[in-house]
file entry-v4.pdb (PDB, C-alpha atoms and all ligand atoms)
ATOM      1  CA  MET A   1      88.715 -39.986 -27.358
ATOM      2  CA  LEU A   2      87.638 -41.209 -23.952
ATOM      3  CA  ASN A   3      86.807 -38.548 -21.412
ATOM      4  CA  LEU A   4      89.592 -39.062 -18.848
ATOM      5  CA  LYS A   5      90.701 -36.562 -16.193
ATOM      6  CA  PRO A   6      93.870 -36.456 -14.093
ATOM      7  CA  VAL A   7      93.954 -37.702 -10.486
ATOM      8  CA  ASP A   8      94.846 -35.322  -7.608
ATOM      9  CA  ARG A   9      98.321 -35.766  -6.087
ATOM     10  CA  ARG A  10      98.401 -34.941  -2.384
ATOM     11  CA  SER A  11     100.772 -35.064   0.562
ATOM     12  CA  GLY A  12     100.206 -34.475   4.265
ATOM     13  CA  LEU A  13      96.500 -35.326   4.090
ATOM     14  CA  THR A  14      94.890 -35.817   7.505
ATOM     15  CA  ARG A  15      92.279 -38.501   8.151
ATOM     16  CA  GLU A  16      89.629 -35.796   8.244
ATOM     17  CA  GLN A  17      90.705 -34.240   4.953
ATOM     18  CA  PHE A  18      90.898 -37.625   3.276
ATOM     19  CA  ALA A  19      87.441 -38.585   4.604
ATOM     20  CA  GLU A  20      85.895 -35.312   3.469
ATOM     21  CA  GLU A  21      87.540 -34.812   0.080
ATOM     22  CA  TYR A  22      88.036 -38.371  -1.187
ATOM     23  CA  LEU A  23      86.451 -41.186   0.821
ATOM     24  CA  LYS A  24      83.034 -39.575   1.147
ATOM     25  CA  GLU A  25      83.178 -38.413  -2.453
ATOM     26  CA  MET A  26      84.461 -41.814  -3.637
ATOM     27  CA  LYS A  27      87.149 -39.969  -5.566
ATOM     28  CA  PRO A  28      90.570 -41.438  -6.384
ATOM     29  CA  VAL A  29      93.725 -39.705  -5.118
ATOM     30  CA  ILE A  30      97.472 -40.325  -5.281
ATOM     31  CA  PHE A  31      99.300 -39.982  -1.958
ATOM     32  CA  THR A  32     102.935 -39.049  -2.394
ATOM     33  CA  ASP A  33     103.859 -39.783   1.236
ATOM     34  CA  LEU A  34     101.738 -42.649   2.537
ATOM     35  CA  MET A  35     104.656 -45.110   2.291
ATOM     36  CA  ASP A  36     107.243 -42.814   3.821
ATOM     37  CA  THR A  37     107.401 -44.785   7.091
ATOM     38  CA  TRP A  38     107.739 -48.179   5.411
ATOM     39  CA  PRO A  39     111.104 -50.012   5.488
ATOM     40  CA  ALA A  40     109.926 -51.715   2.247
ATOM     41  CA  LYS A  41     110.080 -48.426   0.348
ATOM     42  CA  ASN A  42     113.857 -48.641  -0.025
ATOM     43  CA  LYS A  43     114.520 -52.216   1.029
ATOM     44  CA  TRP A  44     112.397 -54.224  -1.429
ATOM     45  CA  THR A  45     114.612 -53.882  -4.458
ATOM     46  CA  ILE A  46     114.917 -56.470  -7.226
ATOM     47  CA  ASP A  47     118.333 -57.459  -5.827
ATOM     48  CA  PHE A  48     116.861 -57.903  -2.350
ATOM     49  CA  PHE A  49     114.188 -60.316  -3.622
ATOM     50  CA  LYS A  50     116.732 -62.167  -5.753
ATOM     51  CA  THR A  51     119.165 -62.605  -2.886
ATOM     52  CA  GLU A  52     116.679 -63.474  -0.152
ATOM     53  CA  TYR A  53     113.940 -65.328  -2.021
ATOM     54  CA  GLY A  54     115.461 -66.266  -5.373
ATOM     55  CA  ASP A  55     114.727 -69.977  -4.943
ATOM     56  CA  LEU A  56     110.990 -69.643  -4.250
ATOM     57  CA  GLU A  57     108.926 -71.180  -7.041
ATOM     58  CA  VAL A  58     106.412 -68.614  -8.275
ATOM     59  CA  PRO A  59     103.450 -68.921 -10.678
ATOM     60  CA  VAL A  60     103.762 -66.746 -13.784
ATOM     61  CA  TYR A  61     100.951 -65.691 -16.098
ATOM     62  CA  SER A  62     101.139 -64.491 -19.688
ATOM     63  CA  ALA A  63      98.605 -62.235 -21.396
ATOM     64  CA  ASP A  64      96.321 -65.209 -22.123
ATOM     65  CA  VAL A  65      95.253 -65.469 -18.505
ATOM     66  CA  SER A  66      91.697 -64.260 -19.017
ATOM     67  CA  LYS A  67      90.978 -66.222 -22.199
ATOM     68  CA  SER A  68      87.944 -68.448 -21.883
ATOM     69  CA  GLY A  69      88.082 -72.210 -21.642
ATOM     70  CA  LYS A  70      90.184 -74.582 -19.625
ATOM     71  CA  SER A  71      93.138 -72.313 -18.886
ATOM     72  CA  TYR A  72      90.923 -69.521 -17.479
ATOM     73  CA  MET A  73      92.849 -67.916 -14.617
ATOM     74  CA  SER A  74      95.473 -70.627 -14.295
ATOM     75  CA  PRO A  75      99.234 -69.940 -14.390
ATOM     76  CA  ASP A  76     101.353 -70.823 -17.396
ATOM     77  CA  ARG A  77     104.160 -72.322 -15.353
ATOM     78  CA  HIS A  78     106.195 -72.022 -12.187
ATOM     79  CA  VAL A  79     109.723 -70.598 -12.210
ATOM     80  CA  PRO A  80     112.218 -69.684  -9.491
ATOM     81  CA  PHE A  81     111.578 -66.110  -8.381
ATOM     82  CA  ARG A  82     115.163 -65.182  -9.360
ATOM     83  CA  GLU A  83     114.513 -66.262 -12.919
ATOM     84  CA  TYR A  84     111.269 -64.301 -13.117
ATOM     85  CA  LEU A  85     112.985 -61.156 -11.796
ATOM     86  CA  GLU A  86     115.686 -61.521 -14.444
ATOM     87  CA  ILE A  87     113.005 -61.704 -17.126
ATOM     88  CA  LEU A  88     111.505 -58.495 -15.703
ATOM     89  CA  GLU A  89     114.835 -56.702 -15.729
ATOM     90  CA  LYS A  90     115.407 -57.615 -19.355
ATOM     91  CA  GLY A  91     111.817 -56.528 -20.310
ATOM     92  CA  PRO A  92     109.569 -55.849 -22.185
ATOM     93  CA  THR A  93     107.534 -58.945 -21.376
ATOM     94  CA  ASP A  94     103.873 -59.688 -20.820
ATOM     95  CA  LEU A  95     104.659 -62.027 -17.941
ATOM     96  CA  ARG A  96     102.981 -61.135 -14.680
ATOM     97  CA  MET A  97     103.095 -62.667 -11.242
ATOM     98  CA  PHE A  98     100.221 -62.300  -8.807
ATOM     99  CA  LEU A  99      97.800 -64.461  -6.843
ATOM    100  CA  PHE A 100     100.908 -65.647  -5.064
ATOM    101  CA  ASN A 101     101.096 -65.025  -1.395
ATOM    102  CA  ILE A 102     104.733 -64.235  -0.855
ATOM    103  CA  PHE A 103     103.999 -63.430   2.799
ATOM    104  CA  ARG A 104     102.929 -66.992   3.490
ATOM    105  CA  HIS A 105     106.404 -68.090   2.453
ATOM    106  CA  ALA A 106     108.225 -65.127   3.949
ATOM    107  CA  PRO A 107     106.198 -63.812   6.905
ATOM    108  CA  GLU A 108     109.089 -61.593   8.003
ATOM    109  CA  LEU A 109     108.257 -59.330   5.056
ATOM    110  CA  LEU A 110     105.067 -58.342   6.895
ATOM    111  CA  GLU A 111     107.307 -56.209   9.156
ATOM    112  CA  ASP A 112     108.357 -54.047   6.222
ATOM    113  CA  TYR A 113     105.104 -52.292   5.489
ATOM    114  CA  ARG A 114     102.568 -50.490   7.677
ATOM    115  CA  THR A 115      98.808 -50.572   7.604
ATOM    116  CA  PRO A 116      97.847 -47.016   6.626
ATOM    117  CA  GLU A 117      96.287 -44.875   9.344
ATOM    118  CA  ILE A 118      94.461 -42.697   6.865
ATOM    119  CA  MET A 119      91.170 -44.591   7.406
ATOM    120  CA  ASP A 120      89.695 -47.523   9.350
ATOM    121  CA  GLY A 121      88.600 -50.915   8.088
ATOM    122  CA  PHE A 122      91.825 -52.320   6.616
ATOM    123  CA  ILE A 123      91.334 -55.988   6.000
ATOM    124  CA  ASP A 124      93.738 -57.902   8.125
ATOM    125  CA  SER A 125      94.599 -60.768   5.853
ATOM    126  CA  PHE A 126      97.810 -61.188   3.937
ATOM    127  CA  PRO A 127      97.985 -58.637   1.149
ATOM    128  CA  PHE A 128      98.891 -59.460  -2.444
ATOM    129  CA  MET A 129     101.824 -58.220  -4.425
ATOM    130  CA  PHE A 130     101.557 -57.673  -8.178
ATOM    131  CA  PHE A 131     104.617 -58.009 -10.433
ATOM    132  CA  GLY A 132     104.644 -57.254 -14.152
ATOM    133  CA  GLY A 133     107.015 -56.667 -17.040
ATOM    134  CA  GLU A 134     107.394 -53.461 -19.012
ATOM    135  CA  GLY A 135     104.560 -53.289 -21.521
ATOM    136  CA  SER A 136     102.313 -55.753 -19.741
ATOM    137  CA  SER A 137      98.795 -54.741 -18.880
ATOM    138  CA  VAL A 138      95.898 -55.743 -16.698
ATOM    139  CA  ALA A 139      92.496 -55.793 -18.412
ATOM    140  CA  LEU A 140      89.866 -53.342 -17.239
ATOM    141  CA  HIS A 141      88.135 -54.821 -14.165
ATOM    142  CA  PHE A 142      86.833 -53.980 -10.733
ATOM    143  CA  ASP A 143      87.705 -55.856  -7.577
ATOM    144  CA  ILE A 144      85.003 -58.348  -6.807
ATOM    145  CA  ASP A 145      85.138 -57.960  -3.007
ATOM    146  CA  LEU A 146      84.211 -54.272  -3.359
ATOM    147  CA  SER A 147      86.906 -53.084  -0.957
ATOM    148  CA  HIS A 148      88.811 -49.853  -1.489
ATOM    149  CA  VAL A 149      92.269 -50.578  -2.878
ATOM    150  CA  PHE A 150      95.428 -48.745  -1.855
ATOM    151  CA  LEU A 151      97.908 -49.577  -4.594
ATOM    152  CA  ASN A 152     101.387 -48.933  -3.205
ATOM    153  CA  GLN A 153     103.934 -48.676  -5.989
ATOM    154  CA  LEU A 154     107.352 -50.053  -4.993
ATOM    155  CA  HIS A 155     109.236 -50.330  -8.264
ATOM    156  CA  GLY A 156     108.661 -48.952 -11.776
ATOM    157  CA  ARG A 157     105.834 -46.736 -13.020
ATOM    158  CA  LYS A 158     102.283 -47.792 -13.727
ATOM    159  CA  ARG A 159      99.604 -46.110 -15.811
ATOM    160  CA  VAL A 160      96.152 -46.557 -14.332
ATOM    161  CA  VAL A 161      92.854 -45.710 -16.044
ATOM    162  CA  LEU A 162      89.870 -45.621 -13.672
ATOM    163  CA  PHE A 163      86.103 -45.460 -14.095
ATOM    164  CA  PRO A 164      83.597 -44.956 -11.270
ATOM    165  CA  PRO A 165      81.129 -47.818 -10.685
ATOM    166  CA  GLU A 166      78.250 -45.705 -12.028
ATOM    167  CA  GLN A 167      79.935 -45.934 -15.431
ATOM    168  CA  SER A 168      79.581 -49.728 -15.568
ATOM    169  CA  THR A 169      76.849 -49.670 -18.199
ATOM    170  CA  ASN A 170      78.601 -47.065 -20.340
ATOM    171  CA  ILE A 171      81.753 -49.171 -20.411
ATOM    172  CA  TYR A 172      79.856 -52.388 -21.173
ATOM    173  CA  HIS A 173      80.222 -54.382 -17.984
ATOM    174  CA  HIS A 174      80.499 -58.040 -18.893
ATOM    175  CA  PRO A 175      77.555 -59.587 -16.971
ATOM    176  CA  PHE A 176      78.351 -61.941 -14.060
ATOM    177  CA  THR A 177      81.987 -60.964 -14.217
ATOM    178  CA  VAL A 178      84.271 -58.134 -13.153
ATOM    179  CA  ALA A 179      85.296 -57.451 -16.767
ATOM    180  CA  SER A 180      84.358 -54.917 -19.454
ATOM    181  CA  TYR A 181      84.349 -55.197 -23.223
ATOM    182  CA  ILE A 182      86.045 -51.951 -24.014
ATOM    183  CA  ASP A 183      89.629 -51.446 -25.086
ATOM    184  CA  VAL A 184      90.809 -48.365 -23.229
ATOM    185  CA  ASN A 185      93.510 -47.619 -25.803
ATOM    186  CA  ASN A 186      91.337 -48.161 -28.883
ATOM    187  CA  PRO A 187      87.772 -47.323 -27.921
ATOM    188  CA  ASP A 188      85.373 -48.604 -30.572
ATOM    189  CA  PHE A 189      82.572 -46.040 -30.421
ATOM    190  CA  GLY A 190      80.830 -47.597 -33.388
ATOM    191  CA  ARG A 191      80.386 -50.906 -31.681
ATOM    192  CA  TYR A 192      79.994 -49.488 -28.165
ATOM    193  CA  PRO A 193      78.141 -46.192 -28.592
ATOM    194  CA  ALA A 194      77.387 -45.613 -24.887
ATOM    195  CA  LEU A 195      81.140 -45.284 -24.420
ATOM    196  CA  ARG A 196      80.913 -41.698 -25.649
ATOM    197  CA  LYS A 197      79.184 -40.795 -22.412
ATOM    198  CA  ALA A 198      81.657 -42.585 -20.151
ATOM    199  CA  TRP A 199      84.079 -40.612 -18.015
ATOM    200  CA  GLY A 200      86.966 -41.621 -15.818
ATOM    201  CA  TYR A 201      90.536 -40.857 -14.810
ATOM    202  CA  ASP A 202      94.003 -41.484 -16.235
ATOM    203  CA  CYS A 203      97.182 -41.267 -14.144
ATOM    204  CA  ILE A 204     100.744 -42.488 -13.750
ATOM    205  CA  VAL A 205     101.746 -43.817 -10.348
ATOM    206  CA  TYR A 206     105.440 -43.425  -9.530
ATOM    207  CA  PRO A 207     107.501 -45.567  -7.140
ATOM    208  CA  GLY A 208     106.902 -44.428  -3.576
ATOM    209  CA  GLU A 209     103.358 -43.279  -4.362
ATOM    210  CA  THR A 210     100.026 -44.808  -3.338
ATOM    211  CA  LEU A 211      96.915 -44.728  -5.507
ATOM    212  CA  PHE A 212      93.585 -44.842  -3.669
ATOM    213  CA  MET A 213      90.980 -46.642  -5.821
ATOM    214  CA  PRO A 214      87.570 -46.316  -4.157
ATOM    215  CA  SER A 215      85.286 -49.339  -3.833
ATOM    216  CA  GLY A 216      83.910 -50.697  -7.085
ATOM    217  CA  HIS A 217      86.108 -48.486  -9.273
ATOM    218  CA  TRP A 218      87.094 -50.028 -12.566
ATOM    219  CA  HIS A 219      90.832 -50.083 -13.254
ATOM    220  CA  TYR A 220      92.959 -50.792 -16.298
ATOM    221  CA  ILE A 221      96.691 -50.967 -15.620
ATOM    222  CA  GLU A 222      99.699 -50.653 -17.914
ATOM    223  CA  TYR A 223     103.196 -51.365 -16.696
ATOM    224  CA  THR A 224     105.111 -48.370 -18.069
ATOM    225  CA  ASP A 225     108.232 -50.014 -16.627
ATOM    226  CA  SER A 226     108.782 -53.470 -15.212
ATOM    227  CA  GLY A 227     107.806 -53.199 -11.583
ATOM    228  CA  TYR A 228     105.731 -54.214  -8.625
ATOM    229  CA  SER A 229     103.350 -52.995  -6.015
ATOM    230  CA  ILE A 230     101.474 -54.152  -2.975
ATOM    231  CA  SER A 231      97.721 -53.672  -2.761
ATOM    232  CA  LEU A 232      96.185 -53.101   0.665
ATOM    233  CA  ARG A 233      92.435 -53.249   0.966
ATOM    234  CA  SER A 234      89.988 -51.599   3.288
ATOM    235  CA  ASN A 235      86.251 -51.680   3.734
ATOM    236  CA  GLU A 236      84.673 -49.668   6.496
ATOM    237  CA  SER A 237      81.102 -50.655   5.555
ATOM    238  CA  TYR A 238      79.553 -53.941   6.661
ATOM    239  CA  VAL A 239      76.843 -53.660   4.042
ATOM    240  CA  ARG A 240      79.454 -53.304   1.323
ATOM    241  CA  ARG A 241      81.465 -56.210   2.786
ATOM    242  CA  ALA A 242      78.379 -58.409   2.579
ATOM    243  CA  LYS A 243      77.770 -57.344  -1.041
ATOM    244  CA  GLY A 244      81.384 -58.229  -1.817
ATOM    245  CA  LEU A 245      80.998 -61.697  -0.347
ATOM    246  CA  PHE A 246      77.846 -62.220  -2.354
ATOM    247  CA  ASN A 247      79.656 -61.174  -5.538
ATOM    248  CA  ILE A 248      82.433 -63.653  -4.860
ATOM    249  CA  ALA A 249      79.992 -66.511  -4.289
ATOM    250  CA  ARG A 250      78.045 -65.667  -7.453
ATOM    251  CA  HIS A 251      81.220 -65.435  -9.475
ATOM    252  CA  TYR A 252      82.424 -68.855  -8.417
ATOM    253  CA  VAL A 253      79.118 -70.544  -8.944
ATOM    254  CA  VAL A 254      77.802 -68.851 -12.073
ATOM    255  CA  ASP A 255      80.710 -67.585 -14.131
ATOM    256  CA  LYS A 256      83.223 -70.344 -13.456
ATOM    257  CA  GLY A 257      80.594 -73.036 -13.904
ATOM    258  CA  MET A 258      79.236 -71.575 -17.142
ATOM    259  CA  ASN A 259      82.737 -71.009 -18.447
ATOM    260  CA  ARG A 260      83.534 -74.655 -17.865
ATOM    261  CA  LEU A 261      80.331 -75.795 -19.528
ATOM    262  CA  MET A 262      80.116 -73.426 -22.465
ATOM    263  CA  GLY A 263      83.546 -71.830 -22.926
ATOM    264  CA  GLU A 264      83.451 -69.422 -25.871
ATOM    265  CA  ASN A 265      79.642 -69.501 -26.128
ATOM    266  CA  TRP A 266      79.295 -68.229 -22.569
ATOM    267  CA  ARG A 267      81.568 -65.346 -23.486
ATOM    268  CA  LYS A 268      79.415 -64.516 -26.488
ATOM    269  CA  MET A 269      76.191 -64.644 -24.471
ATOM    270  CA  LYS A 270      77.638 -62.210 -21.973
ATOM    271  CA  ALA A 271      78.743 -59.886 -24.774
ATOM    272  CA  GLY A 272      75.161 -59.810 -26.018
ATOM    273  CA  MET A 273      73.840 -58.987 -22.556
ATOM    274  CA  ALA A 274      76.289 -56.100 -22.087
ATOM    275  CA  LYS A 275      75.230 -54.508 -25.390
ATOM    276  CA  ARG A 276      71.579 -54.926 -24.542
ATOM    277  CA  ARG A 277      72.023 -53.278 -21.155
ATOM    278  CA  ALA A 278      73.774 -50.270 -22.632
ATOM    279  CA  ARG A 279      71.161 -49.981 -25.351
ATOM    280  CA  GLU A 280      68.228 -50.208 -22.961
ATOM    281  CA  GLN A 281      69.702 -47.705 -20.555
ATOM    282  CA  ASP A 282      70.642 -45.227 -23.215
ATOM    283  CA  GLN A 283      67.982 -45.970 -25.789
ATOM    284  CA  ILE A 284      70.603 -45.662 -28.456
ATOM    285  CA  PRO A 285      69.476 -47.258 -31.711
ATOM    286  CA  VAL A 286      72.149 -49.804 -32.564
TER     287      VAL A 286
HETATM  288  O1  LIG A 301      98.832 -53.784 -10.363
HETATM  289  C1  LIG A 301      98.343 -54.799 -10.865
HETATM  290  O2  LIG A 301      98.989 -55.556 -11.591
HETATM  291  C2  LIG A 301      96.925 -55.136 -10.591
HETATM  292  C3  LIG A 301      96.431 -54.433  -9.368
HETATM  293  C4  LIG A 301      94.978 -54.618  -9.120
HETATM  294  O3  LIG A 301      94.198 -54.902  -9.980
HETATM  295  C5  LIG A 301      94.495 -54.421  -7.764
HETATM  296  O4  LIG A 301      95.281 -54.114  -6.868
HETATM  297  O5  LIG A 301      93.294 -54.583  -7.527
HETATM  298 FE    FE A 302      92.169 -55.026  -9.232
END
call {"tool": "encode", "arguments": {"input": "entry-v4.pdb", "output": "structure tokens", "more": "lines below"}}
Ligand SMILES: O=C(O)CCC(=O)C(=O)O
Ligand SMILES: [Fe+2]
result
Amino acid sequence: MLNLKPVDRRSGLTREQFAEEYLKEMKPVIFTDLMDTWPAKNKWTIDFFKTEYGDLEVPVYSADVSKSGKSYMSPDRHVPFREYLEILEKGPTDLRMFLFNIFRHAPELLEDYRTPEIMDGFIDSFPFMFFGGEGSSVALHFDIDLSHVFLNQLHGRKRVVLFPPEQSTNIYHHPFTVASYIDVNNPDFGRYPALRKAWGYDCIVYPGETLFMPSGHWHYIEYTDSGYSISLRSNESYVRRAKGLFNIARHYVVDKGMNRLMGENWRKMKAGMAKRRAREQDQIPV
């Protein structure tokens, strides 16, 4: 069994309390009231999106999205938003919709949420929404730009498993990427022995709640129900912002390029590197 602890659930946190107990500690927390002032909280229902934006063509992704080779990170197809929402309602389905900037097409929606006042440094660009069907999941990863993520759950429940960045070696960070080799639901301790030492968190985020994922935290997400959320990002540190930009540049140049050139072999090379790192760090005879 993986060593996973629950995440605190808090309401009425002040900026000072949040800074002291969570931000400084880089500790995740679920806010039960951060979205209380948002019109979106009750307004952004499935019917609302169907009625107002049903004709928008949206890119949908199936579970193969992170497979190596030519289709790496490209959508399966485009469908009218109405059709995608109907698929979600019928569920279960592995179809997800993200990397689509709905706000570019519907800027009026920007009026329906508020930038949290709980800390400074929110990044002012258009935020992303994430849609997924019941049973779909998002592979364990960390966000390459190294910002803190405030995951605001609007519809359906999500299970989130988190690991702090210091656990990267223990969970077999896939070199040059933001991915890990481990399967959170079926940890293979034989193959990945350092995993026994890993620790993290496991929680369910309910609609109306906001999960704070501190910078660099690994997250694996399971859509308990079909649903969607909006992720807002913040980064109060210029040093960390610069590191994030460097990561992005390296990712585009190294990983995408090597993936194009070597496909499956690049994946295998990275797997070897991750095992070696864990072995060297832990001096576990494997
Ligand atoms: O909720 C999701 O589908 C993915 C969210 C995520 O990875 C993020 O906000 O960084
Ligand atoms: Fe993420």
call {"tool": "closest_atom_pairs", "arguments": {"input": "entry-v4.pdb", "of": "segment 155-248 of chain A", "to": "segment 17-35 of chain A", "cutoff": "12 Å", "atoms": "all atoms listed in the file", "output": "tab-separated table"}}
result
residue	atom	partner	partner_atom	distance
A:Val160	CA	A:Pro28	CA	11.0
A:Val161	CA	A:Pro28	CA	10.8
A:Leu162	CA	A:Pro28	CA	8.4
A:Phe163	CA	A:Pro28	CA	9.8
A:Pro164	CA	A:Met26	CA	8.3
A:Pro165	CA	A:Met26	CA	9.8
A:Glu166	CA	A:Met26	CA	11.1
A:Gly200	CA	A:Pro28	CA	10.1
A:Tyr201	CA	A:Pro28	CA	8.4
A:Asp202	CA	A:Pro28	CA	10.4
A:Cys203	CA	A:Ile30	CA	8.9
A:Ile204	CA	A:Ile30	CA	9.3
A:Val205	CA	A:Ile30	CA	7.5
A:Tyr206	CA	A:Thr32	CA	8.7
A:Pro207	CA	A:Thr32	CA	9.3
A:Gly208	CA	A:Met35	CA	6.3
A:Glu209	CA	A:Thr32	CA	4.7
A:Thr210	CA	A:Phe31	CA	5.1
A:Leu211	CA	A:Ile30	CA	4.4
A:Phe212	CA	A:Pro28	CA	5.3
A:Met213	CA	A:Pro28	CA	5.3
A:Pro214	CA	A:Met26	CA	5.5
A:Ser215	CA	A:Met26	CA	7.6
A:Gly216	CA	A:Met26	CA	9.5
A:His217	CA	A:Pro28	CA	8.8
A:Trp218	CA	A:Pro28	CA	11.1
A:His219	CA	A:Pro28	CA	11.0
A:Ser229	CA	A:Met35	CA	11.5
A:Ile230	CA	A:Met35	CA	10.9
A:Leu232	CA	A:Met35	CA	11.8
A:Ser234	CA	A:Leu23	CA	11.3
A:Asn235	CA	A:Leu23	CA	10.9
A:Glu236	CA	A:Leu23	CA	10.4
A:Ser237	CA	A:Leu23	CA	11.9
call {"tool": "write_last_selection", "arguments": {"input": "entry-v4.pdb", "atoms": "C-alpha atoms", "output": "mmCIF file, in the coordinates of the input"}}
result
data_model
loop_
_atom_site.group_PDB
_atom_site.id
_atom_site.type_symbol
_atom_site.label_atom_id
_atom_site.label_comp_id
_atom_site.auth_asym_id
_atom_site.auth_seq_id
_atom_site.Cartn_x
_atom_site.Cartn_y
_atom_site.Cartn_z
ATOM 1 C CA VAL A 160 96.152 -46.557 -14.332
ATOM 2 C CA VAL A 161 92.854 -45.710 -16.044
ATOM 3 C CA LEU A 162 89.870 -45.621 -13.672
ATOM 4 C CA PHE A 163 86.103 -45.460 -14.095
ATOM 5 C CA PRO A 164 83.597 -44.956 -11.270
ATOM 6 C CA PRO A 165 81.129 -47.818 -10.685
ATOM 7 C CA GLU A 166 78.250 -45.705 -12.028
ATOM 8 C CA GLY A 200 86.966 -41.621 -15.818
ATOM 9 C CA TYR A 201 90.536 -40.857 -14.810
ATOM 10 C CA ASP A 202 94.003 -41.484 -16.235
ATOM 11 C CA CYS A 203 97.182 -41.267 -14.144
ATOM 12 C CA ILE A 204 100.744 -42.488 -13.750
ATOM 13 C CA VAL A 205 101.746 -43.817 -10.348
ATOM 14 C CA TYR A 206 105.440 -43.425 -9.530
ATOM 15 C CA PRO A 207 107.501 -45.567 -7.140
ATOM 16 C CA GLY A 208 106.902 -44.428 -3.576
ATOM 17 C CA GLU A 209 103.358 -43.279 -4.362
ATOM 18 C CA THR A 210 100.026 -44.808 -3.338
ATOM 19 C CA LEU A 211 96.915 -44.728 -5.507
ATOM 20 C CA PHE A 212 93.585 -44.842 -3.669
ATOM 21 C CA MET A 213 90.980 -46.642 -5.821
ATOM 22 C CA PRO A 214 87.570 -46.316 -4.157
ATOM 23 C CA SER A 215 85.286 -49.339 -3.833
ATOM 24 C CA GLY A 216 83.910 -50.697 -7.085
ATOM 25 C CA HIS A 217 86.108 -48.486 -9.273
ATOM 26 C CA TRP A 218 87.094 -50.028 -12.566
ATOM 27 C CA HIS A 219 90.832 -50.083 -13.254
ATOM 28 C CA SER A 229 103.350 -52.995 -6.015
ATOM 29 C CA ILE A 230 101.474 -54.152 -2.975
ATOM 30 C CA LEU A 232 96.185 -53.101 0.665
ATOM 31 C CA SER A 234 89.988 -51.599 3.288
ATOM 32 C CA ASN A 235 86.251 -51.680 3.734
ATOM 33 C CA GLU A 236 84.673 -49.668 6.496
ATOM 34 C CA SER A 237 81.102 -50.655 5.555
#
call {"tool": "atom_distance", "arguments": {"input": "entry-v4.pdb", "atom1": "atom CA of Lys43 of chain A", "atom2": "atom CA of Asp112 of chain A"}}
result
8.3 Å
call {"tool": "closest_residue", "arguments": {"input": "entry-v4.pdb", "among": "A:Ser137, A:Thr169, A:Gln281, A:Thr51", "to": "ligand FE 302 (chain A)", "atoms": "all atoms listed in the file"}}
result
A:Ser137
call {"tool": "residues_near_ligand", "arguments": {"input": "entry-v4.pdb", "ligand": "ligand FE 302 (chain A)", "cutoff": "9 Å", "atoms": "only C-alpha atoms and all ligand atoms", "output": "NGL selection string"}}
result
:A and (138 or 140-144 or 149 or 217-221 or 231)
call {"tool": "write_last_selection", "arguments": {"input": "entry-v4.pdb", "atoms": "C-alpha atoms", "output": "PDB file, in the coordinates of the input"}}
result
ATOM      1  CA  VAL A 138      95.898 -55.743 -16.698  1.00  0.00           C
ATOM      2  CA  LEU A 140      89.866 -53.342 -17.239  1.00  0.00           C
ATOM      3  CA  HIS A 141      88.135 -54.821 -14.165  1.00  0.00           C
ATOM      4  CA  PHE A 142      86.833 -53.980 -10.733  1.00  0.00           C
ATOM      5  CA  ASP A 143      87.705 -55.856  -7.577  1.00  0.00           C
ATOM      6  CA  ILE A 144      85.003 -58.348  -6.807  1.00  0.00           C
ATOM      7  CA  VAL A 149      92.269 -50.578  -2.878  1.00  0.00           C
ATOM      8  CA  HIS A 217      86.108 -48.486  -9.273  1.00  0.00           C
ATOM      9  CA  TRP A 218      87.094 -50.028 -12.566  1.00  0.00           C
ATOM     10  CA  HIS A 219      90.832 -50.083 -13.254  1.00  0.00           C
ATOM     11  CA  TYR A 220      92.959 -50.792 -16.298  1.00  0.00           C
ATOM     12  CA  ILE A 221      96.691 -50.967 -15.620  1.00  0.00           C
ATOM     13  CA  SER A 231      97.721 -53.672  -2.761  1.00  0.00           C
TER      14      SER A 231
END
call {"tool": "resolve_selection", "arguments": {"input": "entry-v4.pdb", "expression": "the PyMOL selection byres (((chain A and resi 82) around 9) and not hetatm)", "output": "PyMOL selection string"}}
result
chain A and resi 46+49-51+53-57+79-81+83-87
call {"tool": "resolve_selection", "arguments": {"input": "entry-v4.pdb", "expression": "the PyMOL selection byres (((chain A and resi 170) around 7) and not hetatm)", "output": "list in words"}}
result
Gln167, Ser168, Thr169, Ile171, Tyr172, Ala194, Leu195, Lys197, Ala198 and Ala278 of chain A
call {"tool": "residues_around", "arguments": {"input": "entry-v4.pdb", "residues": "Lys90 of chain A", "least_positions_apart": "5", "cutoff": "10 Å", "atoms": "only C-alpha atoms", "output": "compact mmCIF listing (two decimals) with C-alpha atoms, in the frame of the given file"}}
result
# COMPACT_ATOMS: atom_id res chain seq x y z
CA LEU A 85 112.98 -61.16 -11.80
CA GLY A 133 107.02 -56.67 -17.04
CA GLU A 134 107.39 -53.46 -19.01
CA SER A 226 108.78 -53.47 -15.21
call {"tool": "atom_distance", "arguments": {"input": "entry-v4.pdb", "atom1": "atom CA of Met129 of chain A", "atom2": "atom CA of Thr177 of chain A"}}
result
22.3 Å
call {"tool": "axis_aligned_box", "arguments": {"input": "entry-v4.pdb", "around": "ligand LIG 301 (chain A)", "padding_each_side": "4 Å", "output": "AutoDock Vina command-line options"}}
result
--center_x 96.1 --center_y -54.7 --center_z -9.2 --size_x 13.7 --size_y 9.8 --size_z 12.7
call {"tool": "atom_distance", "arguments": {"input": "entry-v4.pdb", "atom1": "atom CA of Leu151 of chain A", "atom2": "atom O3 of ligand LIG 301 (chain A)"}}
result
8.4 Å
call {"tool": "residues_around", "arguments": {"input": "entry-v4.pdb", "residues": "segment 271-276 of chain A", "least_positions_apart": "6", "cutoff": "8 Å", "atoms": "only C-alpha atoms", "output": "number ranges by chain"}}
result
A: 169, 172-175, 181, 192
call {"tool": "closest_residue", "arguments": {"input": "entry-v4.pdb", "among": "A:Arg233, A:Arg15, A:Arg104, A:Arg10", "to": "ligand LIG 301 (chain A)", "atoms": "only C-alpha atoms and all ligand atoms"}}
result
A:Arg233
